[in-house]
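Student: Right, I'll just put the structure down here and ask away after.
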Amino acid sequence: MPRNSKEISKYENNGSARRTQTFMSAEDLASGKKSLWTEMEITGTIRNLSPNLFRLSHLTALYLKNNMLSRISPDIAQLINLRTLDLSYNKLRSLPAEIGDLINLRELQLSHNNLRILPYELGKLFNLIVLGLQGNLLNKDIMSIYSEPNGTHKLLTNMLDNLQVTTPAPPQRPWIPVSRPMRNRPTCIFTVMCYNVLCDKYATRQMYSYCPTWALNWDYRKKGIMDEIRHYSADIINLQEVEMEQFYNYFLPELKKDGYEGIYSPKSRAKTMAENERKYVDGCAIFYRRSKFTLIKEHLVEFNQLAMANADGLDHMLNRVMPKDNIGLAALLQTTEVAWEHAPEGSALTQQPLLVCTAHIHWDPEFCDVKLIQTMMLGNELRSILEESAATLRANDNVTVDANAIQLVLCGDFNSLPDSGVIEFLSSGRVLQDHKDFKDFSYKSCLEKISACDKPAGEFTHSFKLASAYSEDIMPYTNYTFEFKGIIDYIFYSKQSMTPLGLLGPHSAEWLKENKIVGCPHPHIFSDHFPLLVELEMVSTIAQQPINGIINHR
């Protein structure tokens, strides 16, 4: 019968949560009041269920206890919003595999039936808290696991780990052309990848309980990640969440075989740890193709150190910003002769400098102020790095170059949505001093030290002219989990001197939907982030010197 109900005790182990019913009075009915019910109870000696029941997809609870049901139709998968399903005290001999599609279930009561086996698809019920199995004919192996402490979780994990993967591999992500390369002047064309690879210590069953244990295992995932990196073969590869040991013992040796060199830094906490602990700290890495680029200098940006240096005793700068030990890593690169197309023989285009930076900004949505401040500190540090680099290049290479002539590629996991203050600041070059992301904290005195301040407009600004390679209409999400799906990874480039020629499109929405991929990692997708890849065309921004009698123009 349809009803309104309120659970007094949720998910009790014996499945006897008391429920109260409120029935509509004659006065309510006469006044035109509507009944909004999301729960249903059918009790008696029912042997068969009407197919119409499975059309009630709005149901969150279905109580079928104390009936004579010997089977459940696979159509039960249509009741996708169910959180409670009570099938206890029936005559069930088996369950349909489709019961595994009810991923929102928190409680499943199957006690006192005639079940001898359970479908492995039951392991897909990763939100399940209570599972009632007593009084069945299940084998000892199942009941042994179920009887252990935390047995429901262990049994579901075991079933998911043994469930055969029938999902086909996803189709190749499309390459999306954006513009045509120039043919009338020398240009450098190169590809940039940005990829949060999800380090091993974060890839837990507690966090990603919809993924089989074996598919979360680092030895499995790292091979898939490396195959993916090699498949796209970017000229510059920016990685986040790379553990120190994995950089030196896996990523760097493997990519060196393919003609790359790389730099790396772990998060700041590594400095305070013993060697056996430090190797598991994650950080950022930049790899570059040796044939196209040489490394001039690397730079580490530590946000906790910058927060301390600029706090001026401000409590929330010290208590909110400084404890977060996220980092940015930058590589000052210089192009080689091989990198240029349509360049005159003997030209000095090889002297074009490029600053590549990758960052991993703090994750917690409650700390949107910290995210924005970290990004502003990063911008200020990059400006200092560019000015220092220009002076070094002028002294060492005798080229006419200033900070604005050094081009910039900035990418990473910014843990910020497109409408956030972080992305507004990077994209537009400005953010209001009273932006909502600063919350109710007054950071003004500190931020005036690390960012240009437009007094009349009340804005903090930066001088970089950046554009995002990706837009929301191209890439609807870069992070794909059950709890969250959204864009938080970005590739920015100097828009005055670089043009995107093409970029890697999203995973097939049809594949994700048809195969009910509720989140990643997945046996076919090796991180909870999708890698970004863009092909950029860069023109020279430095005043070239004559070489062998040839004058090269900007």
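Labels used: A, B, ... for chains in the order of the structure tokens, numbers from 1 for residues in each chain, and numbers from 1 for ligands as shown.
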List the spatial neighbours of A:Gly379 as a list in words - criterion: any atom at most 9 Å away, only C-alpha atoms, same-chain residues fewer than 4 positions off excluded.

Tutor: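 Here the answer would be Gln374, Thr375, Arg383, Ser384, Leu426, Ile450, Ser451, His462 and Phe464 of chain A.
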
Student: Enumerate, as an MDAnalysis selection string, the complete set of residues in stretch 7-172 of chain A that a backbone-based DSSP assignment places in strand (DSSP E).

Tutor: chainID A and resid 7 19:22 39:41 61:63 84:86 107:109 130:132

Student: Excluding A:Ile474 and its own-chain neighbours fewer than 2 positions away, which residues fall within 12 Å of it when counting only C-alpha atoms? Please give them as a PyMOL selection string.

Tutor: chain A and resi 173-178+468-472+476-478+487+502-509+532

Student: Just checking: using only C-alpha atoms, which residue out of A:Ser416, A:Thr541, A:Ser291, A:Thr336 ends up closest to A:Glu261?

Tutor: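 Under the stated criterion, the closest residue is A:Ser291.
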
Student: Please, what distance in Å, to one decimal, runs between atom CA of A:Pro456 and atom CA of A:Leu372?

Tutor: 21.4 Å

Student: Could you check which of A:Ile236, A:Leu417, A:Leu160, A:Ala285 is closest to A:Tyr248, using only C-alpha atoms?

Tutor: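 That would be A:Ala285, the residue with the smallest distance to A:Tyr248.
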
Student: Would you mind listing what lies within 12 Å of A:Met322 as a short mmCIF file (atom, residue, chain, number, x, y, z; two decimals) with N, CA and C atoms, in the first residue's frame, with only C-alpha atoms counted and same-chain residues fewer than 6 positions away left out?

Tutor:
```cif
data_model
loop_
_atom_site.label_atom_id
_atom_site.label_comp_id
_atom_site.auth_asym_id
_atom_site.auth_seq_id
_atom_site.Cartn_x
_atom_site.Cartn_y
_atom_site.Cartn_z
N SER A 268 55.42 19.28 0.56
CA SER A 268 56.38 19.80 1.53
C SER A 268 56.55 18.90 2.75
N ARG A 269 55.53 18.12 3.09
CA ARG A 269 55.61 17.28 4.29
C ARG A 269 56.77 16.29 4.22
N GLU A 302 56.42 26.28 -2.84
CA GLU A 302 55.82 25.66 -1.65
C GLU A 302 54.85 26.64 -1.02
N PHE A 303 53.58 26.30 -1.07
CA PHE A 303 52.55 27.24 -0.61
C PHE A 303 52.59 27.46 0.90
N ASN A 304 52.97 26.45 1.66
CA ASN A 304 53.00 26.68 3.11
C ASN A 304 54.12 27.65 3.49
N GLN A 305 55.24 27.58 2.78
CA GLN A 305 56.32 28.53 3.05
C GLN A 305 55.93 29.94 2.65
N LEU A 306 55.25 30.08 1.54
CA LEU A 306 54.81 31.40 1.10
C LEU A 306 53.76 31.97 2.05
N ALA A 307 52.88 31.12 2.54
CA ALA A 307 51.87 31.57 3.50
C ALA A 307 52.52 32.08 4.77
N MET A 308 53.53 31.37 5.23
CA MET A 308 54.22 31.79 6.44
C MET A 308 54.94 33.12 6.22
N ALA A 309 55.57 33.25 5.05
CA ALA A 309 56.33 34.46 4.78
C ALA A 309 55.45 35.69 4.63
N ASN A 310 54.19 35.50 4.23
CA ASN A 310 53.32 36.64 3.96
C ASN A 310 52.17 36.79 4.97
N ALA A 311 52.21 36.01 6.05
CA ALA A 311 51.08 36.00 6.99
C ALA A 311 50.96 37.28 7.80
N GLY A 313 51.34 37.60 10.83
CA GLY A 313 50.63 37.28 12.06
C GLY A 313 49.14 37.09 11.93
N LEU A 314 48.61 37.11 10.70
CA LEU A 314 47.17 36.97 10.49
C LEU A 314 46.76 35.53 10.81
N ASP A 315 45.82 35.37 11.76
CA ASP A 315 45.47 34.04 12.25
C ASP A 315 45.02 33.09 11.16
N HIS A 316 44.08 33.52 10.29
CA HIS A 316 43.57 32.58 9.31
C HIS A 316 44.57 32.28 8.21
N HIS A 362 44.90 22.64 -3.12
CA HIS A 362 44.20 21.94 -2.03
C HIS A 362 42.82 21.47 -2.48
N VAL A 370 41.44 29.06 0.66
CA VAL A 370 42.81 28.56 0.56
C VAL A 370 43.18 28.28 -0.89
N LYS A 371 42.27 27.69 -1.64
CA LYS A 371 42.52 27.41 -3.05
C LYS A 371 42.87 28.69 -3.81
N ILE A 373 43.87 31.60 -2.61
CA ILE A 373 45.12 32.23 -2.14
C ILE A 373 46.33 31.45 -2.66
N GLN A 374 46.26 30.13 -2.65
CA GLN A 374 47.36 29.34 -3.21
C GLN A 374 47.59 29.70 -4.68
N MET A 377 49.24 33.12 -4.88
CA MET A 377 50.66 33.00 -4.51
C MET A 377 51.45 32.37 -5.64
#
```

Student: Can you work out which one of A:Leu79, A:Ala61, A:Leu29, A:Cys188 has the shortest atom-to-atom distance to A:Glu341, counting only C-alpha atoms?

Tutor: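 Under the stated criterion, the closest residue is A:Cys188.
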
Student: Just list the residues in stretch 82-238 of chain A DSSP gives helix (DSSP H, G or I) on the backbone, as a PyMOL selection string.

Tutor: chain A and resi 97-101+120-124+140-147+151-161+200-202+213-216+218-232

Student: Next, the residues of the selection above should be written as a short mmCIF file (atom, residue, chain, number, x, y, z; two decimals), in the first residue's frame with N, CA and C atoms.

Tutor:
```
data_model
loop_
_atom_site.label_atom_id
_atom_site.label_comp_id
_atom_site.auth_asym_id
_atom_site.auth_seq_id
_atom_site.Cartn_x
_atom_site.Cartn_y
_atom_site.Cartn_z
N ALA A 97 20.71 -11.18 -11.50
CA ALA A 97 21.97 -10.42 -11.52
C ALA A 97 21.71 -8.93 -11.52
N GLU A 98 20.56 -8.52 -12.04
CA GLU A 98 20.23 -7.10 -12.16
C GLU A 98 20.06 -6.41 -10.81
N ILE A 99 19.98 -7.20 -9.74
CA ILE A 99 19.86 -6.57 -8.43
C ILE A 99 21.11 -5.73 -8.13
N GLY A 100 22.22 -6.07 -8.78
CA GLY A 100 23.45 -5.31 -8.61
C GLY A 100 23.38 -3.90 -9.17
N ASP A 101 22.34 -3.60 -9.96
CA ASP A 101 22.19 -2.25 -10.51
C ASP A 101 21.56 -1.28 -9.51
N TYR A 120 27.29 -12.75 -8.13
CA TYR A 120 28.45 -11.92 -7.86
C TYR A 120 28.14 -10.43 -8.04
N GLU A 121 27.10 -10.14 -8.83
CA GLU A 121 26.71 -8.74 -9.05
C GLU A 121 26.30 -8.05 -7.76
N LEU A 122 26.02 -8.83 -6.72
CA LEU A 122 25.69 -8.23 -5.43
C LEU A 122 26.85 -7.35 -4.94
N GLY A 123 28.06 -7.68 -5.38
CA GLY A 123 29.23 -6.89 -5.00
C GLY A 123 29.22 -5.47 -5.54
N LYS A 124 28.35 -5.19 -6.50
CA LYS A 124 28.26 -3.84 -7.06
C LYS A 124 27.49 -2.89 -6.13
N LYS A 140 29.09 -22.60 3.05
CA LYS A 140 29.87 -22.20 4.22
C LYS A 140 30.85 -21.08 3.91
N ASP A 141 31.38 -21.05 2.67
CA ASP A 141 32.35 -20.01 2.32
C ASP A 141 31.71 -18.63 2.43
N ILE A 142 30.51 -18.50 1.90
CA ILE A 142 29.81 -17.22 1.96
C ILE A 142 29.50 -16.85 3.41
N MET A 143 28.93 -17.78 4.15
CA MET A 143 28.51 -17.48 5.52
C MET A 143 29.71 -17.26 6.44
N SER A 144 30.84 -17.88 6.12
CA SER A 144 32.04 -17.68 6.92
C SER A 144 32.53 -16.23 6.80
N ILE A 145 32.57 -15.72 5.57
CA ILE A 145 32.97 -14.32 5.37
C ILE A 145 31.95 -13.39 6.00
N TYR A 146 30.68 -13.70 5.78
CA TYR A 146 29.59 -12.85 6.27
C TYR A 146 29.59 -12.76 7.80
N SER A 147 30.03 -13.82 8.47
CA SER A 147 30.00 -13.87 9.93
C SER A 147 31.18 -13.15 10.57
N GLY A 151 31.57 -8.13 8.25
CA GLY A 151 31.38 -9.19 7.26
C GLY A 151 30.65 -8.75 6.01
N THR A 152 29.69 -7.84 6.14
CA THR A 152 28.96 -7.39 4.95
C THR A 152 29.91 -6.74 3.96
N HIS A 153 30.77 -5.86 4.46
CA HIS A 153 31.73 -5.19 3.58
C HIS A 153 32.69 -6.19 2.96
N LYS A 154 33.17 -7.13 3.75
CA LYS A 154 34.12 -8.12 3.24
C LYS A 154 33.48 -9.02 2.19
N LEU A 155 32.22 -9.39 2.43
CA LEU A 155 31.54 -10.26 1.46
C LEU A 155 31.30 -9.53 0.15
N LEU A 156 30.87 -8.28 0.22
CA LEU A 156 30.63 -7.51 -1.00
C LEU A 156 31.93 -7.29 -1.77
N THR A 157 33.00 -7.03 -1.05
CA THR A 157 34.31 -6.86 -1.70
C THR A 157 34.72 -8.14 -2.41
N ASN A 158 34.54 -9.27 -1.73
CA ASN A 158 34.90 -10.56 -2.32
C ASN A 158 34.09 -10.83 -3.59
N MET A 159 32.81 -10.49 -3.55
CA MET A 159 31.96 -10.76 -4.71
C MET A 159 32.31 -9.84 -5.88
N LEU A 160 32.60 -8.58 -5.57
CA LEU A 160 32.98 -7.66 -6.65
C LEU A 160 34.32 -8.06 -7.26
N ASP A 161 35.24 -8.49 -6.41
CA ASP A 161 36.56 -8.89 -6.92
C ASP A 161 36.47 -10.12 -7.81
N ASP A 200 48.85 5.65 -5.11
CA ASP A 200 48.40 4.39 -4.53
C ASP A 200 47.73 4.57 -3.17
N LYS A 201 48.28 5.42 -2.31
CA LYS A 201 47.76 5.49 -0.94
C LYS A 201 46.36 6.11 -0.88
N TYR A 202 45.95 6.82 -1.93
CA TYR A 202 44.60 7.38 -1.95
C TYR A 202 43.59 6.44 -2.63
N THR A 213 39.09 -4.56 -6.03
CA THR A 213 40.38 -4.37 -5.36
C THR A 213 41.53 -4.52 -6.34
N TRP A 214 41.45 -5.53 -7.20
CA TRP A 214 42.56 -5.79 -8.12
C TRP A 214 42.74 -4.66 -9.12
N ALA A 215 41.64 -3.95 -9.44
CA ALA A 215 41.74 -2.84 -10.39
C ALA A 215 42.19 -1.55 -9.71
N LEU A 216 42.17 -1.52 -8.38
CA LEU A 216 42.72 -0.39 -7.63
C LEU A 216 44.21 -0.58 -7.35
N TRP A 218 48.04 -0.78 -7.39
CA TRP A 218 48.95 0.07 -8.15
C TRP A 218 49.68 -0.67 -9.25
N ASP A 219 50.06 -1.92 -9.01
CA ASP A 219 50.77 -2.67 -10.05
C ASP A 219 49.90 -2.84 -11.30
N TYR A 220 48.59 -2.93 -11.10
CA TYR A 220 47.68 -3.00 -12.25
C TYR A 220 47.52 -1.62 -12.88
N ARG A 221 47.27 -0.62 -12.07
CA ARG A 221 46.96 0.71 -12.61
C ARG A 221 48.17 1.37 -13.27
N LYS A 222 49.36 1.17 -12.70
CA LYS A 222 50.52 1.89 -13.23
C LYS A 222 50.83 1.48 -14.66
N LYS A 223 50.58 0.21 -14.98
CA LYS A 223 50.81 -0.25 -16.36
C LYS A 223 49.82 0.40 -17.32
N GLY A 224 48.55 0.50 -16.88
CA GLY A 224 47.56 1.15 -17.72
C GLY A 224 47.85 2.63 -17.89
N ILE A 225 48.30 3.27 -16.82
CA ILE A 225 48.64 4.70 -16.88
C ILE A 225 49.81 4.92 -17.83
N MET A 226 50.83 4.08 -17.72
CA MET A 226 52.00 4.24 -18.60
C MET A 226 51.62 3.96 -20.06
N ASP A 227 50.78 2.96 -20.30
CA ASP A 227 50.33 2.70 -21.67
C ASP A 227 49.59 3.92 -22.22
N GLU A 228 48.80 4.55 -21.38
CA GLU A 228 48.04 5.72 -21.81
C GLU A 228 48.97 6.88 -22.13
N ILE A 229 49.95 7.12 -21.26
CA ILE A 229 50.93 8.19 -21.50
C ILE A 229 51.68 7.94 -22.80
N ARG A 230 52.09 6.70 -23.01
CA ARG A 230 52.83 6.38 -24.24
C ARG A 230 51.94 6.47 -25.48
N HIS A 231 50.68 6.12 -25.32
CA HIS A 231 49.76 6.18 -26.46
C HIS A 231 49.65 7.62 -26.98
N TYR A 232 49.52 8.57 -26.05
CA TYR A 232 49.34 9.96 -26.47
C TYR A 232 50.65 10.67 -26.78
#
```

Student: Quick one: pull the distance between atom CA of A:Val281 and atom CA of A:Pro266, Å, one decimal.

Tutor: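 Distance reported for this atom pair: 6.1 Å.
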
Student: Quick one: everything within 12 Å of stretch 292-295 of chain A, counting only C-alpha atoms, minus sequence neighbours fewer than 4 positions away in the same chain. Send it as a PyMOL selection string.

Tutor: chain A and resi 188-191+234-236+259-263+286-288+299+330-341+349-356

Student: Enter the distance from atom CA of A:Asn396 to atom CA of A:Pro344, in Å, rounded to one decimal.

Tutor: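 These atoms are spaced 23.6 Å apart.
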